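Reproduced below: input-v4.cif, with mmCIF, C-alpha atoms.
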data_entry
loop_
_atom_site.label_atom_id
_atom_site.label_comp_id
_atom_site.auth_asym_id
_atom_site.auth_seq_id
_atom_site.Cartn_x
_atom_site.Cartn_y
_atom_site.Cartn_z
CA SER X 203 123.46 144.04 110.15
CA GLN X 204 121.52 140.98 111.21
CA LYS X 205 121.88 138.01 108.91
CA ILE X 206 121.02 134.34 108.64
CA GLU X 207 123.20 132.51 106.15
CA GLN X 208 122.58 129.16 104.55
CA ASN X 209 124.60 127.75 101.72
CA SER X 210 122.91 129.02 98.58
CA GLU X 211 124.49 126.32 96.44
CA ALA X 212 122.66 123.04 96.15
CA LEU X 213 124.03 120.11 98.08
CA ASN X 214 124.26 116.94 96.00
CA ILE X 215 124.85 113.65 97.78
CA GLN X 216 124.54 109.95 97.12
CA GLU X 217 121.71 107.91 98.58
CA GLY X 218 122.64 106.37 101.91
CA LYS X 219 125.14 109.08 102.84
CA THR X 220 124.69 111.69 105.56
CA ALA X 221 123.67 115.16 104.43
CA THR X 222 124.90 118.06 106.56
CA LEU X 223 123.43 121.54 106.13
CA THR X 224 124.75 124.65 107.83
CA CYS X 225 122.99 127.69 109.26
CA ASN X 226 125.06 130.63 110.49
CA TYR X 227 123.69 133.80 111.99
CA THR X 228 125.05 137.14 113.16
CA ASN X 229 123.76 139.77 115.58
CA TYR X 230 120.83 137.71 116.79
CA SER X 231 120.26 136.10 120.16
CA PRO X 232 117.63 133.52 119.31
CA ALA X 233 115.69 131.76 121.99
CA TYR X 234 114.95 128.90 119.62
CA LEU X 235 116.12 127.64 116.27
CA GLN X 236 113.89 125.72 113.91
CA TRP X 237 114.39 123.71 110.73
CA TYR X 238 111.79 123.32 108.01
CA ARG X 239 111.50 121.38 104.79
CA GLN X 240 109.98 123.01 101.73
CA ASP X 241 109.03 121.34 98.48
CA PRO X 242 108.61 123.45 95.30
CA GLY X 243 105.47 125.60 95.42
CA ARG X 244 104.44 124.23 98.81
CA GLY X 245 104.43 125.67 102.30
CA PRO X 246 107.32 124.93 104.68
CA VAL X 247 106.85 121.92 106.94
CA PHE X 248 108.24 121.99 110.46
CA LEU X 249 110.90 119.39 111.27
CA LEU X 250 112.72 120.20 114.51
CA LEU X 251 113.07 122.90 117.16
CA ILE X 252 116.09 123.30 119.43
CA ARG X 253 116.34 125.66 122.38
CA GLU X 254 119.29 127.92 123.14
CA ASN X 255 120.28 125.80 126.14
CA GLU X 256 120.23 122.55 124.16
CA LYS X 257 123.25 121.29 122.26
CA GLU X 258 121.62 118.58 120.18
CA LYS X 259 118.20 117.27 119.19
CA ARG X 260 117.28 114.09 117.33
CA LYS X 261 114.20 112.84 115.54
CA GLU X 262 114.41 109.58 113.61
CA ARG X 263 117.07 110.16 110.89
CA LEU X 264 117.37 113.86 111.67
CA LYS X 265 119.80 115.54 114.03
CA VAL X 266 120.22 119.22 114.82
CA THR X 267 123.03 120.87 116.76
CA PHE X 268 123.03 124.41 118.09
CA ASP X 269 126.20 126.26 119.10
CA THR X 270 125.31 129.71 120.45
CA THR X 271 128.99 130.59 120.83
CA LEU X 272 129.74 129.93 117.17
CA LYS X 273 126.25 131.19 116.23
CA GLN X 274 125.76 128.11 114.12
CA SER X 275 123.37 125.21 113.69
CA LEU X 276 124.06 122.02 111.78
CA PHE X 277 121.27 119.87 110.36
CA HIS X 278 122.05 116.25 109.56
CA ILE X 279 120.03 113.68 107.64
CA THR X 280 121.49 110.20 108.03
CA ALA X 281 120.92 107.38 105.54
CA SER X 282 119.58 109.90 103.07
CA GLN X 283 116.99 108.90 100.48
CA PRO X 284 115.90 110.48 97.19
CA ALA X 285 112.63 111.42 98.95
CA ASP X 286 114.69 113.72 101.21
CA SER X 287 115.39 115.96 98.21
CA ALA X 288 113.94 119.38 99.02
CA THR X 289 114.92 122.84 100.24
CA TYR X 290 115.70 123.05 103.95
CA LEU X 291 115.11 126.30 105.79
CA CYS X 292 116.69 127.44 109.02
CA ALA X 293 114.65 129.87 111.14
CA LEU X 294 115.43 131.81 114.29
CA GLU X 295 112.73 132.49 116.84
CA ILE X 296 113.56 135.75 118.55
CA SER X 297 112.45 136.30 122.15
CA GLY X 298 111.14 139.59 123.48
CA GLY X 299 107.45 139.22 124.24
CA TYR X 300 106.48 138.69 120.65
CA ASN X 301 106.70 135.92 118.13
CA LYS X 302 109.17 136.68 115.39
CA LEU X 303 110.40 133.86 113.20
CA ILE X 304 113.14 134.91 110.80
CA PHE X 305 114.12 132.62 107.95
CA GLY X 306 117.28 131.94 106.05
CA ALA X 307 117.00 131.63 102.27
CA GLY X 308 117.37 127.84 102.44
CA THR X 309 119.65 125.17 101.01
CA ARG X 310 118.48 122.83 98.28
CA LEU X 311 119.37 119.19 98.87
CA ALA X 312 119.42 116.66 96.04
CA VAL X 313 119.87 113.00 96.95
CA HIS X 314 120.82 110.84 93.98
CA PRO X 315 120.11 107.09 93.74
CA GLU D 146 92.82 117.52 110.24
CA ALA D 147 94.83 120.34 111.81
CA GLN D 148 95.63 122.83 109.11
CA VAL D 149 96.00 126.38 107.87
CA THR D 150 93.80 127.09 104.87
CA GLN D 151 94.56 129.87 102.42
CA ASN D 152 92.46 131.03 99.53
CA PRO D 153 92.80 131.49 96.68
CA ARG D 154 95.65 129.25 95.64
CA TYR D 155 96.37 131.28 92.52
CA LEU D 156 95.34 134.84 91.67
CA ILE D 157 96.05 137.11 88.74
CA THR D 158 94.88 140.68 89.14
CA VAL D 159 95.45 144.14 87.72
CA THR D 160 97.28 147.04 89.31
CA GLY D 161 95.12 148.96 91.76
CA LYS D 162 92.30 146.46 92.16
CA LYS D 163 91.79 145.72 95.85
CA LEU D 164 92.05 142.08 96.86
CA THR D 165 91.91 139.94 99.98
CA VAL D 166 93.70 136.66 100.62
CA THR D 167 91.98 134.67 103.33
CA CYS D 168 93.68 132.56 105.99
CA SER D 169 91.98 130.32 108.52
CA GLN D 170 93.37 127.88 111.10
CA ASN D 171 91.49 125.20 113.04
CA MET D 172 94.04 124.60 115.82
CA ASN D 173 93.02 127.42 118.20
CA HIS D 174 96.44 128.98 117.77
CA GLU D 175 97.02 132.42 119.26
CA TYR D 176 99.73 133.51 116.88
CA MET D 177 99.32 134.03 113.14
CA SER D 178 101.59 135.58 110.55
CA TRP D 179 101.89 136.39 106.85
CA TYR D 180 105.04 135.87 104.81
CA ARG D 181 105.98 136.50 101.24
CA GLN D 182 108.58 134.42 99.44
CA ASP D 183 110.62 135.69 96.53
CA PRO D 184 113.50 133.94 94.72
CA GLY D 185 116.82 134.56 96.45
CA LEU D 186 115.19 136.50 99.30
CA GLY D 187 113.61 133.71 101.26
CA LEU D 188 110.56 134.16 103.46
CA ARG D 189 109.99 137.69 104.73
CA GLN D 190 107.41 138.54 107.36
CA ILE D 191 104.70 141.01 106.37
CA TYR D 192 102.47 141.21 109.46
CA TYR D 193 101.83 139.13 112.52
CA SER D 194 99.20 138.87 115.20
CA MET D 195 99.75 137.74 118.79
CA ASN D 196 96.03 137.35 119.47
CA VAL D 197 92.61 138.71 118.57
CA GLU D 198 92.72 142.45 117.83
CA VAL D 199 96.52 142.50 118.28
CA THR D 200 98.52 142.96 115.08
CA ASP D 201 101.94 144.38 114.29
CA LYS D 202 104.20 145.03 111.34
CA GLY D 203 106.83 142.59 110.21
CA ASP D 204 109.78 143.40 107.99
CA VAL D 205 107.92 144.28 104.76
CA PRO D 206 104.49 145.71 105.68
CA GLU D 207 104.23 148.47 103.07
CA GLY D 208 101.22 148.06 100.79
CA TYR D 209 99.50 145.49 103.01
CA LYS D 210 96.84 145.49 105.73
CA VAL D 211 95.62 142.78 108.06
CA SER D 212 92.89 142.30 110.62
CA ARG D 213 92.29 139.78 113.41
CA LYS D 214 88.69 139.98 114.48
CA GLU D 215 88.43 136.29 115.28
CA LYS D 216 91.08 133.90 116.54
CA ARG D 217 90.87 131.57 113.56
CA ASN D 218 90.99 134.12 110.72
CA PHE D 219 93.76 136.45 109.60
CA PRO D 220 93.08 137.94 106.15
CA LEU D 221 95.72 139.80 104.15
CA ILE D 222 94.45 142.85 102.29
CA LEU D 223 96.11 144.59 99.38
CA GLU D 224 94.29 147.90 98.97
CA SER D 225 96.01 148.90 95.73
CA PRO D 226 98.19 146.06 94.44
CA SER D 227 101.27 146.85 92.40
CA PRO D 228 103.48 144.59 90.25
CA ASN D 229 106.17 144.49 92.96
CA GLN D 230 103.69 142.61 95.13
CA THR D 231 103.78 139.69 92.71
CA SER D 232 104.97 136.90 94.96
CA LEU D 233 104.18 133.63 96.73
CA TYR D 234 102.36 134.32 100.01
CA PHE D 235 102.15 132.05 103.04
CA CYS D 236 100.05 132.26 106.16
CA ALA D 237 101.31 130.52 109.29
CA SER D 238 100.09 129.87 112.81
CA SER D 239 101.61 128.77 116.10
CA PRO D 240 100.28 128.16 119.63
CA ARG D 241 102.98 130.23 121.37
CA GLN D 242 106.67 130.94 121.25
CA GLY D 243 108.93 127.95 121.61
CA SER D 244 106.08 125.48 121.76
CA GLY D 245 106.91 123.87 118.48
CA GLY D 246 106.92 124.60 114.86
CA TYR D 247 104.72 126.88 112.86
CA THR D 248 102.05 125.39 110.63
CA PHE D 249 102.01 126.93 107.17
CA GLY D 250 99.27 127.12 104.60
CA SER D 251 99.71 125.83 101.06
CA GLY D 252 100.45 129.28 99.68
CA THR D 253 98.85 131.83 97.38
CA ARG D 254 100.64 132.67 94.17
CA LEU D 255 99.73 136.25 93.31
CA THR D 256 100.50 137.94 90.00
CA VAL D 257 99.81 141.66 89.59
CA VAL D 258 99.87 142.90 86.00
#

Is it possible to express this structure as structure tokens?
Amino acid sequence: SQKIEQNSEALNIQEGKTATLTCNYTNYSPAYLQWYRQDPGRGPVFLLLIRENEKEKRKERLKVTFDTTLKQSLFHITASQPADSATYLCALEISGGYNKLIFGAGTRLAVHP
Amino acid sequence: EAQVTQNPRYLITVTGKKLTVTCSQNMNHEYMSWYRQDPGLGLRQIYYSMNVEVTDKGDVPEGYKVSRKEKRNFPLILESPSPNQTSLYFCASSPRQGSGGYTFGSGTRLTVV
């Protein structure tokens, strides 16, 4: 079956450290992979998009890698801050003449002072 | 301000009473979609629309209807709500595939008793 897996356990890290979140998928061939941030009770907010032919994308303190051979994406937040505490969602955008964005269940990140 | 507006924000209703959740975007996006979010299950797509008068089922369409008569509006209709439709609902829009992230609304928390 097709699956997107994100670590369901919360990730707890110390302020200033780098947070690394993992997204693994099976049986998909995504054209694009996206990462979103979601705060409790709020809508997801788009962070980064990476294409299947890109290995790495950066935006300020954020970095995303995409390995289509391993079927894995890593999401890094460097110099993490307590304000980065949220749930981070991985989403695959499937090609095929239609827009289909499929989400993982998300990983909750808690950054402690 | 570019945004997706959903209404209402909160709704409590009784089983079988028809309701409509409205969604409107001011970004001239072609693509719009409805998701529901349940604990442990993540975001699941209900319906999507590639453009005016073009709609299609997502992964969990049963019990829902949509329409896209205008580009900016994409209402979600529950003809006969049931308690298993109690959930947090999000509307999202996007210009086209791979062009960037989706913009989500603030969500509608629906309770069916």

Checklist entry - Residues of chain D within 12 Å of chain X, using all atoms listed in the file, as a ChimeraX atom specification? => result /D:148-151,154-155,175-196,199-204,232-254

Item to check | the PyMOL selection byres ((chain D and resi 216) around 7) applied to the shown file, residues as a PyMOL selection string | outcome: chain D and resi 173+175+196-197+213-215+217-218

Next on the checklist: Which residues, named as in the file, does the PyMOL selection byres ((chain X and resi 227) around 8) pick out? Answer as a PyMOL selection string.
Outcome noted: chain X and resi 204-207+225-226+228-230+273-274

Next on the checklist: Just the number, please: distance in Å from atom CA of D:Thr167 to atom CA of D:Ile222, one decimal.
Outcome noted: 8.6 Å

Checklist entry - What is the atom CA of X:Thr220 to atom CA of X:Asp286 distance in Å? => result 11.1 Å

Next on the checklist: One decimal, in Å: what's the spacing between atom CA of X:Leu223 and atom CA of X:Leu276?
Outcome noted: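 Between atom CA of X:Leu223 and atom CA of X:Leu276 the gap works out to 5.7 Å.
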
Item to check | Exercise: X:Thr224 partners within 7 Å, all atoms listed in the file, chain neighbours under 2 positions left out, as number ranges by chain | outcome: X: 208-209, 222, 226, 275-277

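For the structure shown here, the set of residues caught by the PyMOL selection byres ((chain X and resi 255-265) around 6) is Arg253, Glu254, Val266, Thr267, Phe268, Phe277, His278, Ile279 and Thr280 of chain X.
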
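Each of D:Pro206, D:Glu198, D:Val211, D:Leu221 was compared to D:Val166 using all atoms listed in the file, and D:Leu221 turns out to be the nearest.
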
Next on the checklist: With all atoms listed in the file as the counted atoms, please give the residues lying no more than 6 Å from D:Pro226, apart from itself and same-chain residues fewer than 3 positions off, as a PyMOL selection string.
Outcome noted: chain D and resi 160-161+223
